[in-house]
Amino acid sequence: EWDFSTPRGMFRVQYMEKDPIWRVPDWAFVERGVPIPPLDHPSREEVGMLGTTAIYLQHDIAVHGTNNPEFLGQPVSHGCIRMTNEAVRRLYHEVEVGTPVIIY
């Protein structure tokens, strides 16, 4: 069993991506009830799942857009912070690597 709560505390922007690709972790395949593929398998990459922009606070935690805006405000992101694509694109242009971020 995994804990997917959003971490709280002080972070810094580590890196940012336009048109990010979600690299599907093992737990997602377990949740889906399908075999875990090799790390280099094409099913490990899902285009669009993170929306148009992602701002990474840790390797696996990001502030990102979504291809399913109807789910905003619901706990479906496994720890990430989802925003509308428009809002995270604006934020992308307001911050830079190293910008402090407080999550509480």
# chains A, B, ... in the order shown; residues from 1 in each chain; ligands from 1
call {"tool": "residues_around", "arguments": {"residues": "segment 63-80 of chain A", "least_positions_apart": "3", "cutoff": "12 Å", "atoms": "only C-alpha atoms", "output": "VMD selection string"}}
result
chain A and resid 2 to 8 11 to 22 24 to 25 27 to 28 31 46 to 60 83 to 92 95 101 to 103
call {"tool": "select_by_dssp", "arguments": {"residues": "segment 12-94 of chain A", "states": "strand (DSSP E or B)", "output": "PyMOL selection string"}}
result
chain A and resi 12+15-18+21-23+45-47+53-58+61-64+81-82
call {"tool": "atom_distance", "arguments": {"atom1": "atom CA of Pro35 of chain A", "atom2": "atom CA of Arg23 of chain A"}}
result
15.8 Å
call {"tool": "atom_distance", "arguments": {"atom1": "atom CA of Ile81 of chain A", "atom2": "atom CA of Val97 of chain A"}}
result
17.3 Å
call {"tool": "atom_distance", "arguments": {"atom1": "atom CA of Gly9 of chain A", "atom2": "atom CA of Tyr104 of chain A"}}
result
6.3 Å
call {"tool": "closest_residue", "arguments": {"among": "A:Pro38, A:Arg44, A:Val30, A:Met10", "to": "Pro100 of chain A", "atoms": "only C-alpha atoms"}}
result
A:Met10
